[in-house]
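Below: the structure, in structure tokens.
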Amino acid sequence: MTTSAAPVVEFRGAGLTYPGPPPVPALRPSDVTIRQGEYVTVVGPSGSGKSTFLNIAGLLDAPTTGRYFLDGVDTGRLDDADRTALRGRRIGFVFQSFHLLPHRSATENVMLAMVYNTGPRTDRRARAREALDRVGLAPRADALPTRLSGGERQRVAIARALVTRPSLLLCDEPTGNLDTATAESVLGLLDDLHRDGMTLVVITHDPGVAARGQRTVTIRDGVLAERAAA
Ligand code: ADP
Ligand code: MG
């Protein structure tokens with residue numbers, strides 16, 4: 001039962017206004033709880049505040065009002081170093097445009113995520129290979145991103161997000177740059193991760209993608225509302 005699972009993401013009146021001038025109320029004070037193992041999708045028009053929501057959830061931005069709890073931790077009480085460390089341990093990000101380094105192999109791109117791992121380089125390489133295997137890319141582990149298809153690049157980005165063993169995977173339009181068939185394979189991978197217990201938050205413009213989640217949050221003009229998935 002998801003209702004008894006521990007909260008991972010908890011907004012309590014959390015909102016963000018960019019100072020400007022003029023000030024931009026990107027996310028109005030919002031209340032939302034996402035529990036361990038849930039798959040939540042976020043929809044809304046361009047500029048409505050979806051990325052702002054995800055950036056707060058992922059500790060890339062701090063709310064300017066209200067409180068944000070991650071895994072029960074009141075993140076407003078953390079200093080910058082602790083926020084960064086918590087983000088590194090708990091959160092994986094996947095972005096629309098992959099954000100891979102073009103002159104590093106798939107394996108090296110994944111290894112670069114392990115900045116908090118001080119262990120031997122051989123261990124990091126082995127973990128990167130495991131993560132690439134998890135996303136079905138073991139045969140392409142030594143390839144440069146420029147030699148990979150869009151879907152393969154996004155799989156590398158997902159491997160990079162997973163290699164630190166996060167408790168929360170945040171995806172900002174993960175299929176936005178992919179054709180329908182490739183998007184489907186990436187969505188299938190997200191389904192697998194969800195089945196294995198990952199907590200997922202996926203921003204999308206696509207109603208078909210939104211319907212993959214267990215529930216959908218809408219954001220319109222910075223106002224967040226819950227609604228059942230279609
Ligand atoms: P979405 O992801 O839904 O397209 P965003 O969360 O990126 O929307 O943006 C929400 C609003 O905040 C928009 O009006 C956008 O222009 C504004 N915004 C985003 N980032 C900044 C910033 N760094 N400074 C000022 N305004 C911003
Ligand atoms: Mg956005």
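Each chain in the structure tokens gets a letter, A, B and so on, in the order shown; residues start at 1 in every chain, and ligands are counted from 1 in the order they appear.
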Close residues, Pro7 (chain A) itself excluded, 7 Å, only C-alpha atoms, min 3 positions apart in chain, as a PyMOL selection string: chain A and resi 10+33-36+71-72
Sorted by chain and rising residue number, which residues of chain A lie within 10 Å of ligand 1, and what are their closest atom pairs and distances in Å to one decimal, counting only C-alpha atoms and all ligand atoms, as CSV?
```
residue,atom,partner,partner_atom_place_in_ligand_line,distance
A:Leu16,CA,ligand 1,12 (O),8.8
A:Thr17,CA,ligand 1,12 (O),7.9
A:Tyr18,CA,ligand 1,25 (C),5.0
A:Pro19,CA,ligand 1,25 (C),7.3
A:Gly20,CA,ligand 1,25 (C),6.3
A:Pro21,CA,ligand 1,25 (C),8.8
A:Pro22,CA,ligand 1,25 (C),8.8
A:Pro23,CA,ligand 1,25 (C),7.6
A:Val24,CA,ligand 1,26 (N),5.6
A:Pro25,CA,ligand 1,12 (O),6.8
A:Ala26,CA,ligand 1,12 (O),4.1
A:Leu27,CA,ligand 1,10 (C),7.0
A:Val42,CA,ligand 1,3 (O),9.3
A:Val43,CA,ligand 1,3 (O),8.1
A:Gly44,CA,ligand 1,3 (O),6.2
A:Pro45,CA,ligand 1,3 (O),6.0
A:Ser46,CA,ligand 1,4 (O),3.8
A:Gly47,CA,ligand 1,4 (O),3.4
A:Ser48,CA,ligand 1,3 (O),3.9
A:Gly49,CA,ligand 1,6 (O),3.2
A:Lys50,CA,ligand 1,3 (O),3.7
A:Ser51,CA,ligand 1,2 (O),3.6
A:Thr52,CA,ligand 1,6 (O),3.7
A:Phe53,CA,ligand 1,6 (O),6.5
A:Leu54,CA,ligand 1,6 (O),8.0
A:Asn55,CA,ligand 1,6 (O),8.2
A:Ile56,CA,ligand 1,6 (O),9.9
A:Asp61,CA,ligand 1,23 (N),9.8
A:Asp172,CA,ligand 1,2 (O),8.0
A:Glu173,CA,ligand 1,2 (O),9.0
A:Ile203,CA,ligand 1,2 (O),8.3
A:Thr204,CA,ligand 1,3 (O),9.4
A:His205,CA,ligand 1,3 (O),9.4
A:Thr218,CA,ligand 1,3 (O),9.9
A:Ile219,CA,ligand 1,3 (O),7.4
A:Arg220,CA,ligand 1,3 (O),8.1
A:Asp221,CA,ligand 1,10 (C),7.9
A:Gly222,CA,ligand 1,10 (C),6.9
```
Alpha helix (DSSP H) per DSSP on the backbone: members of region 8-215 of chain A, as a count of residues only: 72
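Closest to Gly208 (chain A) among A:Leu144, A:Ala183, A:Leu190, A:Leu224 is A:Ala183, based on only C-alpha atoms.
Using only C-alpha atoms and all ligand atoms, the smallest distance between any of A:Arg212, A:Pro207, A:Glu38, A:Phe95 and ligand 2 comes from A:Phe95.
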A:Leu148, A:Cys171, A:Met114, A:Ala14 ranked by distance to ligand 2, top pick (using only C-alpha atoms and all ligand atoms): A:Cys171
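The residues of region 74-155 of chain A that DSSP assigns to strand (DSSP E) on this backbone come out as Asp74, Ile91, Gly92, Phe93, Val94 and Phe95 of chain A.
Nearest-residue note for Arg90 (chain A): choosing from A:Met198, A:Val186, A:Ala181, A:Ala131, the minimum distance belongs to A:Met198, counting only C-alpha atoms.
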For CA of Pro166 (chain A) and CA of Gly213 (chain A), the interatomic separation in Å (one decimal):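 Between CA of Pro166 (chain A) and CA of Gly213 (chain A) the gap works out to 18.9 Å.
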From A:Thr199, A:Ser97, A:Arg147, A:Val110, residue lying nearest ligand 2 [only C-alpha atoms and all ligand atoms]: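 Comparing A:Thr199, A:Ser97, A:Arg147, A:Val110 against ligand 2, the winner is A:Ser97.
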Long-range neighbours of region 178-180 of chain A as a PyMOL selection string, 9 Å cut-off, only C-alpha atoms, 6 positions minimum in chain: chain A and resi 96+150-151+154
Nearest-residue call for Leu162 (chain A), choices A:Val94, A:Ala57, A:Val32, A:Ala126, using only C-alpha atoms: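 Answer, going by the shortest atom-to-atom distance: A:Val94.
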Separation of CA of Arg160 (chain A) from CA of Arg121 (chain A) in Å: 15.6 Å
10 Å contact set for Thr146 (chain A), only C-alpha atoms, chain neighbours under 5 positions out, as JSON, numbers by chain: {"A": [100, 101, 102, 103, 104, 105, 153]}
8 Å contact set for Leu200 (chain A), only C-alpha atoms, chain neighbours under 6 positions out, as a list in words: Gly37, Glu38, Tyr39, Val40, Leu168, Leu169, Leu170, Cys171 and His194 of chain A
Kindly export the residues of the current selection with all heavy atoms, as a short mmCIF file (atom, residue, chain, number, x, y, z; two decimals), in the first residue's frame.
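Full text of out-v7.cif as output:
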```
data_model
loop_
_atom_site.label_atom_id
_atom_site.label_comp_id
_atom_site.auth_asym_id
_atom_site.auth_seq_id
_atom_site.Cartn_x
_atom_site.Cartn_y
_atom_site.Cartn_z
N GLY A 37 8.40 4.32 -3.67
CA GLY A 37 7.90 3.36 -4.64
C GLY A 37 6.82 3.90 -5.56
O GLY A 37 6.36 3.18 -6.45
N GLU A 38 6.41 5.15 -5.37
CA GLU A 38 5.38 5.73 -6.25
C GLU A 38 5.98 6.17 -7.59
O GLU A 38 7.16 6.53 -7.67
CB GLU A 38 4.73 6.94 -5.59
CG GLU A 38 3.60 6.59 -4.64
CD GLU A 38 2.74 7.81 -4.36
OE1 GLU A 38 3.23 8.74 -3.70
OE2 GLU A 38 1.58 7.82 -4.79
N TYR A 39 5.13 6.18 -8.60
CA TYR A 39 5.48 6.70 -9.93
C TYR A 39 4.49 7.82 -10.21
O TYR A 39 3.32 7.58 -10.46
CB TYR A 39 5.37 5.56 -10.95
CG TYR A 39 5.77 5.88 -12.37
CD1 TYR A 39 5.86 4.83 -13.29
CD2 TYR A 39 6.05 7.16 -12.82
CE1 TYR A 39 6.23 5.07 -14.62
CE2 TYR A 39 6.41 7.41 -14.13
CZ TYR A 39 6.49 6.36 -15.02
OH TYR A 39 6.85 6.60 -16.33
N VAL A 40 4.99 9.05 -10.13
CA VAL A 40 4.15 10.24 -10.28
C VAL A 40 4.58 10.99 -11.53
O VAL A 40 5.78 11.20 -11.76
CB VAL A 40 4.27 11.15 -9.03
CG1 VAL A 40 3.51 12.46 -9.23
CG2 VAL A 40 3.78 10.42 -7.79
N LEU A 168 15.42 8.27 -5.30
CA LEU A 168 14.45 9.06 -6.04
C LEU A 168 15.02 9.40 -7.41
O LEU A 168 16.14 9.93 -7.50
CB LEU A 168 14.16 10.35 -5.26
CG LEU A 168 13.28 11.41 -5.89
CD1 LEU A 168 11.86 10.89 -6.11
CD2 LEU A 168 13.24 12.65 -4.99
N LEU A 169 14.26 9.08 -8.45
CA LEU A 169 14.70 9.40 -9.81
C LEU A 169 13.79 10.49 -10.37
O LEU A 169 12.57 10.30 -10.47
CB LEU A 169 14.64 8.15 -10.69
CG LEU A 169 15.27 8.26 -12.08
CD1 LEU A 169 16.77 8.56 -11.99
CD2 LEU A 169 15.04 6.97 -12.87
N LEU A 170 14.38 11.64 -10.71
CA LEU A 170 13.63 12.79 -11.20
C LEU A 170 13.93 12.98 -12.68
O LEU A 170 15.11 13.14 -13.05
CB LEU A 170 14.05 14.05 -10.43
CG LEU A 170 13.85 14.01 -8.92
CD1 LEU A 170 14.40 15.29 -8.28
CD2 LEU A 170 12.38 13.84 -8.57
N CYS A 171 12.89 12.96 -13.51
CA CYS A 171 13.08 13.02 -14.96
C CYS A 171 12.33 14.22 -15.53
O CYS A 171 11.12 14.32 -15.38
CB CYS A 171 12.56 11.74 -15.61
SG CYS A 171 13.23 10.22 -14.90
N HIS A 194 10.50 1.18 -11.79
CA HIS A 194 9.39 1.32 -10.84
C HIS A 194 9.02 -0.03 -10.24
O HIS A 194 8.83 -0.16 -9.03
CB HIS A 194 8.18 1.95 -11.56
CG HIS A 194 6.97 2.02 -10.70
ND1 HIS A 194 5.75 1.53 -11.09
CD2 HIS A 194 6.80 2.52 -9.46
CE1 HIS A 194 4.89 1.72 -10.12
NE2 HIS A 194 5.49 2.32 -9.13
#
```
